[in-house]
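Here's the structure we're looking at; comments come further down.
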Amino acid sequence: MTDATLTSPQALTVWTIDPSHSNVEFAVRHLMISTVKGRFNDVKGSVQADPANPSTGGIDITIGVESIDTREAQRDAHLRSADFFDTEKFPAITFKSTRIEGQADSFKVSGDLTIRGVARPVVLDVTSEGRGKDPWGGERAGFAATTRIKRSDFGLTWNQLLETGGVAVGDEIKISIDVELVKQQ
């Protein structure tokens with residue numbers, strides 16, 4: 001497969017993320033007994049794709065960390081603090097693809113995920129969820145992606161030891177992304 005930077009820009013179609021129809025969600029173990037889920041409400045980005053050669057595309061996503069929502073205001077405030085995301089110094093999480101491999105309906109996207117100023121390579125498992133015209137004459141496409149990361153790899157190391165052993169917050173984070181893209185003219 002080819003690297004996204006080797007593609008002729010004329011062959012690529014640009015798509016933008018529709019933030020009102022897209023979700024970036026995460027799940028993490030809490031107190032070693034349950035799973036807490038949350039989401040980021042501020043998601044922006046674009047995809048450059050060549051339908052004839054999906055491996056030549058590129059993906060660039062920015063997530064506003066201040067938009068974190070776990071349905072618990074006190075927990076959200078703690079997650080925004082220097083103990084976790086430190087949103088004053090690091091207001092965004094970014095993902096920039098480096099390689100796309102597979103078919104148009106199921107593929108892997110490798111790229112650099114940056115959290116708290118720390119960039120690490122990750123691989124997203126992506127599936128196409130469909131494509132079609134919207135009621136306003138535009139073209140849309142949907143994709144779902146998943147991956148797992150260790151928060152400690154990105155400097156998110158705050159924790160609390162439990163009396164019974166173990167920790168308050170798990171290290172493994174499950175990430176689930178559902179995006180609706182709008183084709184640009």
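The way I read the labels, and the way they are meant: chains A, B, ... in the order of the structure tokens, residue 1 as the first residue of every chain, and ligand 1 as the first ligand shown, with later ones counted on from there.
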Test item, alpha helix (DSSP H) assignment across chain A, answer as a VMD selection string: chain A and resid 73 to 80
Those residues you just picked out, can you put them in a file as an mmCIF file, in the first residue's frame with C-alpha atoms?
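What landed in result20.cif:
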```cif
data_model
loop_
_atom_site.group_PDB
_atom_site.id
_atom_site.type_symbol
_atom_site.label_atom_id
_atom_site.label_comp_id
_atom_site.auth_asym_id
_atom_site.auth_seq_id
_atom_site.Cartn_x
_atom_site.Cartn_y
_atom_site.Cartn_z
ATOM 1 C CA ALA A 73 -19.947 17.438 35.956
ATOM 2 C CA GLN A 74 -17.485 16.861 38.823
ATOM 3 C CA ARG A 75 -15.765 13.986 36.989
ATOM 4 C CA ASP A 76 -15.635 16.044 33.760
ATOM 5 C CA ALA A 77 -13.970 18.917 35.636
ATOM 6 C CA HIS A 78 -11.394 16.494 37.084
ATOM 7 C CA LEU A 79 -10.709 15.051 33.611
ATOM 8 C CA ARG A 80 -10.105 18.588 32.270
#
```
Show which residues sit within 7 Å of segment 167-179 of chain A, as a PDB file with N, CA and C atoms, in the first residue's frame. Count only C-alpha atoms, and ignore same-chain residues fewer than 3 positions away.
```
ATOM      1  N   ILE A  17     -15.989  16.148   8.302  1.00  0.00           N
ATOM      2  CA  ILE A  17     -16.794  15.516   9.352  1.00  0.00           C
ATOM      3  C   ILE A  17     -17.982  16.413   9.672  1.00  0.00           C
ATOM      4  N   HIS A  21     -23.459  14.820  13.607  1.00  0.00           N
ATOM      5  CA  HIS A  21     -23.816  13.427  13.343  1.00  0.00           C
ATOM      6  C   HIS A  21     -22.614  12.501  13.517  1.00  0.00           C
ATOM      7  N   SER A  22     -21.697  12.890  14.381  1.00  0.00           N
ATOM      8  CA  SER A  22     -20.492  12.096  14.620  1.00  0.00           C
ATOM      9  C   SER A  22     -20.251  11.978  16.117  1.00  0.00           C
ATOM     10  N   ASN A  23     -19.653  10.868  16.523  1.00  0.00           N
ATOM     11  CA  ASN A  23     -19.366  10.608  17.935  1.00  0.00           C
ATOM     12  C   ASN A  23     -17.954  10.067  18.113  1.00  0.00           C
ATOM     13  N   VAL A  24     -17.270  10.562  19.138  1.00  0.00           N
ATOM     14  CA  VAL A  24     -16.022   9.960  19.594  1.00  0.00           C
ATOM     15  C   VAL A  24     -16.270   9.598  21.050  1.00  0.00           C
ATOM     16  N   GLU A  25     -16.308   8.294  21.309  1.00  0.00           N
ATOM     17  CA  GLU A  25     -16.632   7.808  22.647  1.00  0.00           C
ATOM     18  C   GLU A  25     -15.479   6.976  23.198  1.00  0.00           C
ATOM     19  N   PHE A  26     -15.437   6.884  24.531  1.00  0.00           N
ATOM     20  CA  PHE A  26     -14.399   6.080  25.179  1.00  0.00           C
ATOM     21  C   PHE A  26     -15.019   5.323  26.337  1.00  0.00           C
ATOM     22  N   ALA A  27     -14.347   4.252  26.739  1.00  0.00           N
ATOM     23  CA  ALA A  27     -14.772   3.444  27.880  1.00  0.00           C
ATOM     24  C   ALA A  27     -13.534   3.045  28.661  1.00  0.00           C
ATOM     25  N   VAL A  28     -13.645   3.106  29.997  1.00  0.00           N
ATOM     26  CA  VAL A  28     -12.525   2.776  30.879  1.00  0.00           C
ATOM     27  C   VAL A  28     -13.071   2.090  32.132  1.00  0.00           C
ATOM     28  N   ARG A  29     -12.309   1.165  32.675  1.00  0.00           N
ATOM     29  CA  ARG A  29     -12.709   0.473  33.906  1.00  0.00           C
ATOM     30  C   ARG A  29     -12.597   1.432  35.090  1.00  0.00           C
ATOM     31  N   HIS A  30     -13.575   1.332  35.989  1.00  0.00           N
ATOM     32  CA  HIS A  30     -13.620   2.167  37.188  1.00  0.00           C
ATOM     33  C   HIS A  30     -13.698   1.263  38.420  1.00  0.00           C
ATOM     34  N   LEU A  31     -12.798   1.482  39.368  1.00  0.00           N
ATOM     35  CA  LEU A  31     -12.729   0.725  40.623  1.00  0.00           C
ATOM     36  C   LEU A  31     -12.590  -0.781  40.407  1.00  0.00           C
ATOM     37  N   MET A  32     -12.116  -1.152  39.221  1.00  0.00           N
ATOM     38  CA  MET A  32     -11.879  -2.560  38.872  1.00  0.00           C
ATOM     39  C   MET A  32     -13.173  -3.394  38.803  1.00  0.00           C
ATOM     40  N   GLY A 142     -20.764   7.236   5.890  1.00  0.00           N
ATOM     41  CA  GLY A 142     -20.595   6.939   7.310  1.00  0.00           C
ATOM     42  C   GLY A 142     -19.552   5.862   7.529  1.00  0.00           C
ATOM     43  N   PHE A 143     -18.781   6.030   8.607  1.00  0.00           N
ATOM     44  CA  PHE A 143     -17.746   5.065   8.959  1.00  0.00           C
ATOM     45  C   PHE A 143     -17.728   4.862  10.471  1.00  0.00           C
ATOM     46  N   ALA A 144     -17.386   3.645  10.888  1.00  0.00           N
ATOM     47  CA  ALA A 144     -17.211   3.319  12.307  1.00  0.00           C
ATOM     48  C   ALA A 144     -15.783   2.814  12.493  1.00  0.00           C
ATOM     49  N   ALA A 145     -15.158   3.243  13.582  1.00  0.00           N
ATOM     50  CA  ALA A 145     -13.773   2.838  13.859  1.00  0.00           C
ATOM     51  C   ALA A 145     -13.613   2.520  15.337  1.00  0.00           C
ATOM     52  N   THR A 146     -12.719   1.599  15.633  1.00  0.00           N
ATOM     53  CA  THR A 146     -12.414   1.259  17.020  1.00  0.00           C
ATOM     54  C   THR A 146     -10.913   1.079  17.182  1.00  0.00           C
ATOM     55  N   THR A 147     -10.457   1.309  18.401  1.00  0.00           N
ATOM     56  CA  THR A 147      -9.080   1.018  18.773  1.00  0.00           C
ATOM     57  C   THR A 147      -9.002   0.956  20.291  1.00  0.00           C
ATOM     58  N   ARG A 148      -7.873   0.543  20.794  1.00  0.00           N
ATOM     59  CA  ARG A 148      -7.590   0.531  22.238  1.00  0.00           C
ATOM     60  C   ARG A 148      -6.227   1.170  22.448  1.00  0.00           C
ATOM     61  N   ILE A 149      -6.137   1.956  23.506  1.00  0.00           N
ATOM     62  CA  ILE A 149      -4.864   2.574  23.856  1.00  0.00           C
ATOM     63  C   ILE A 149      -4.640   2.416  25.356  1.00  0.00           C
ATOM     64  N   LYS A 150      -3.412   2.642  25.777  1.00  0.00           N
ATOM     65  CA  LYS A 150      -3.105   2.739  27.208  1.00  0.00           C
ATOM     66  C   LYS A 150      -2.951   4.224  27.516  1.00  0.00           C
ATOM     67  N   ARG A 151      -3.733   4.709  28.451  1.00  0.00           N
ATOM     68  CA  ARG A 151      -3.680   6.141  28.765  1.00  0.00           C
ATOM     69  C   ARG A 151      -2.309   6.538  29.309  1.00  0.00           C
ATOM     70  N   SER A 152      -1.642   5.620  29.990  1.00  0.00           N
ATOM     71  CA  SER A 152      -0.315   5.919  30.543  1.00  0.00           C
ATOM     72  C   SER A 152       0.702   6.210  29.440  1.00  0.00           C
ATOM     73  N   ASN A 159      -3.912   8.273  39.308  1.00  0.00           N
ATOM     74  CA  ASN A 159      -4.685   7.140  39.790  1.00  0.00           C
ATOM     75  C   ASN A 159      -4.753   7.175  41.296  1.00  0.00           C
ATOM     76  N   GLN A 160      -5.515   6.282  41.835  1.00  0.00           N
ATOM     77  CA  GLN A 160      -5.657   6.160  43.271  1.00  0.00           C
ATOM     78  C   GLN A 160      -5.695   4.676  43.607  1.00  0.00           C
ATOM     79  N   LEU A 161      -4.828   4.250  44.543  1.00  0.00           N
ATOM     80  CA  LEU A 161      -4.819   2.849  44.954  1.00  0.00           C
ATOM     81  C   LEU A 161      -6.056   2.566  45.796  1.00  0.00           C
ATOM     82  N   LEU A 162      -6.603   1.379  45.603  1.00  0.00           N
ATOM     83  CA  LEU A 162      -7.784   0.973  46.358  1.00  0.00           C
ATOM     84  C   LEU A 162      -7.381   0.140  47.570  1.00  0.00           C
TER      85      LEU A 162
END
```
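Considering only C-alpha atoms, the residue among A:Pro135, A:Gly165, A:Gly64, A:Gly130 positioned nearest to Asp105 of chain A is A:Gly130.
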Contact check, segment 74-179 of chain A to segment 50-56 of chain A, at most 10 Å, counting only C-alpha atoms, closest pairs as JSON lines:
```
{"residue": "A:Thr98", "atom": "CA", "partner": "A:Thr56", "partner_atom": "CA", "distance": 9.9}
{"residue": "A:Arg99", "atom": "CA", "partner": "A:Ser55", "partner_atom": "CA", "distance": 7.0}
{"residue": "A:Ile100", "atom": "CA", "partner": "A:Ser55", "partner_atom": "CA", "distance": 4.7}
{"residue": "A:Glu101", "atom": "CA", "partner": "A:Ser55", "partner_atom": "CA", "distance": 5.5}
{"residue": "A:Gly102", "atom": "CA", "partner": "A:Ser55", "partner_atom": "CA", "distance": 7.2}
{"residue": "A:Gln103", "atom": "CA", "partner": "A:Pro54", "partner_atom": "CA", "distance": 7.1}
{"residue": "A:Ala104", "atom": "CA", "partner": "A:Pro54", "partner_atom": "CA", "distance": 6.2}
{"residue": "A:Asp105", "atom": "CA", "partner": "A:Pro54", "partner_atom": "CA", "distance": 9.8}
{"residue": "A:Phe107", "atom": "CA", "partner": "A:Pro54", "partner_atom": "CA", "distance": 9.0}
{"residue": "A:Lys108", "atom": "CA", "partner": "A:Ser55", "partner_atom": "CA", "distance": 9.6}
{"residue": "A:Val109", "atom": "CA", "partner": "A:Ser55", "partner_atom": "CA", "distance": 9.1}
```
Val14 of chain A environment, 10 Å, only C-alpha atoms, sequence neighbours closer than 5 positions dropped, as a VMD selection string: chain A and resid 9 46 to 50 57 to 59 181 to 185
Same residues, N, CA and C atoms, output as a compact mmCIF listing (two decimals), in the first residue's frame:
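Printed below is again.txt as written:
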```txt
# COMPACT_ATOMS: atom_id res chain seq x y z
N PRO A 9 -2.71 15.21 -5.63
CA PRO A 9 -3.84 15.86 -5.01
C PRO A 9 -5.06 15.97 -5.93
N SER A 46 -11.19 16.23 8.45
CA SER A 46 -11.43 15.98 7.04
C SER A 46 -10.79 14.66 6.63
N VAL A 47 -11.32 14.15 5.53
CA VAL A 47 -10.81 12.93 4.93
C VAL A 47 -10.57 13.25 3.46
N GLN A 48 -9.43 12.86 2.97
CA GLN A 48 -9.14 12.96 1.54
C GLN A 48 -9.09 11.54 1.02
N ALA A 49 -9.88 11.27 -0.03
CA ALA A 49 -9.98 9.89 -0.50
C ALA A 49 -10.03 9.83 -2.02
N ASP A 50 -9.48 8.75 -2.53
CA ASP A 50 -9.59 8.41 -3.93
C ASP A 50 -10.37 7.09 -3.98
N GLY A 57 -5.52 7.75 0.53
CA GLY A 57 -6.20 8.84 1.23
C GLY A 57 -5.46 9.32 2.46
N GLY A 58 -6.09 10.27 3.13
CA GLY A 58 -5.54 10.81 4.37
C GLY A 58 -6.66 11.28 5.29
N ILE A 59 -6.42 11.21 6.59
CA ILE A 59 -7.41 11.58 7.59
C ILE A 59 -6.75 12.50 8.60
N LEU A 181 -19.57 11.83 7.09
CA LEU A 181 -18.78 12.74 6.28
C LEU A 181 -19.64 13.38 5.21
N VAL A 182 -19.33 14.63 4.88
CA VAL A 182 -20.01 15.36 3.83
C VAL A 182 -19.01 15.65 2.73
N LYS A 183 -19.35 15.22 1.51
CA LYS A 183 -18.46 15.44 0.37
C LYS A 183 -18.44 16.92 0.02
N GLN A 184 -17.23 17.44 -0.14
CA GLN A 184 -17.06 18.85 -0.50
C GLN A 184 -17.06 18.99 -2.02
N GLN A 185 -17.64 20.08 -2.49
CA GLN A 185 -17.75 20.31 -3.94
C GLN A 185 -16.48 20.93 -4.48
```
In chain A, DSSP strand (DSSP E) residues written as a PyMOL selection string: chain A and resi 13-17+23-30+34-40+43-49+58-64+68-69+92-102+106-115+118-133+139-150+169-183
Selection near Ser106 of chain A, 7 Å with only C-alpha atoms, sequence-local residues under 4 positions removed, as an MDAnalysis selection string: chainID A and resid 102 126:128
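Picture a line from atom CA of Asp83 of chain A to atom CA of Leu124 of chain A; it runs 26.7 Å.
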Which residue of A:Leu12, A:Ala92, A:Ala119, A:Ala82 approaches Phe40 of chain A most closely, using only C-alpha atoms: A:Ala92
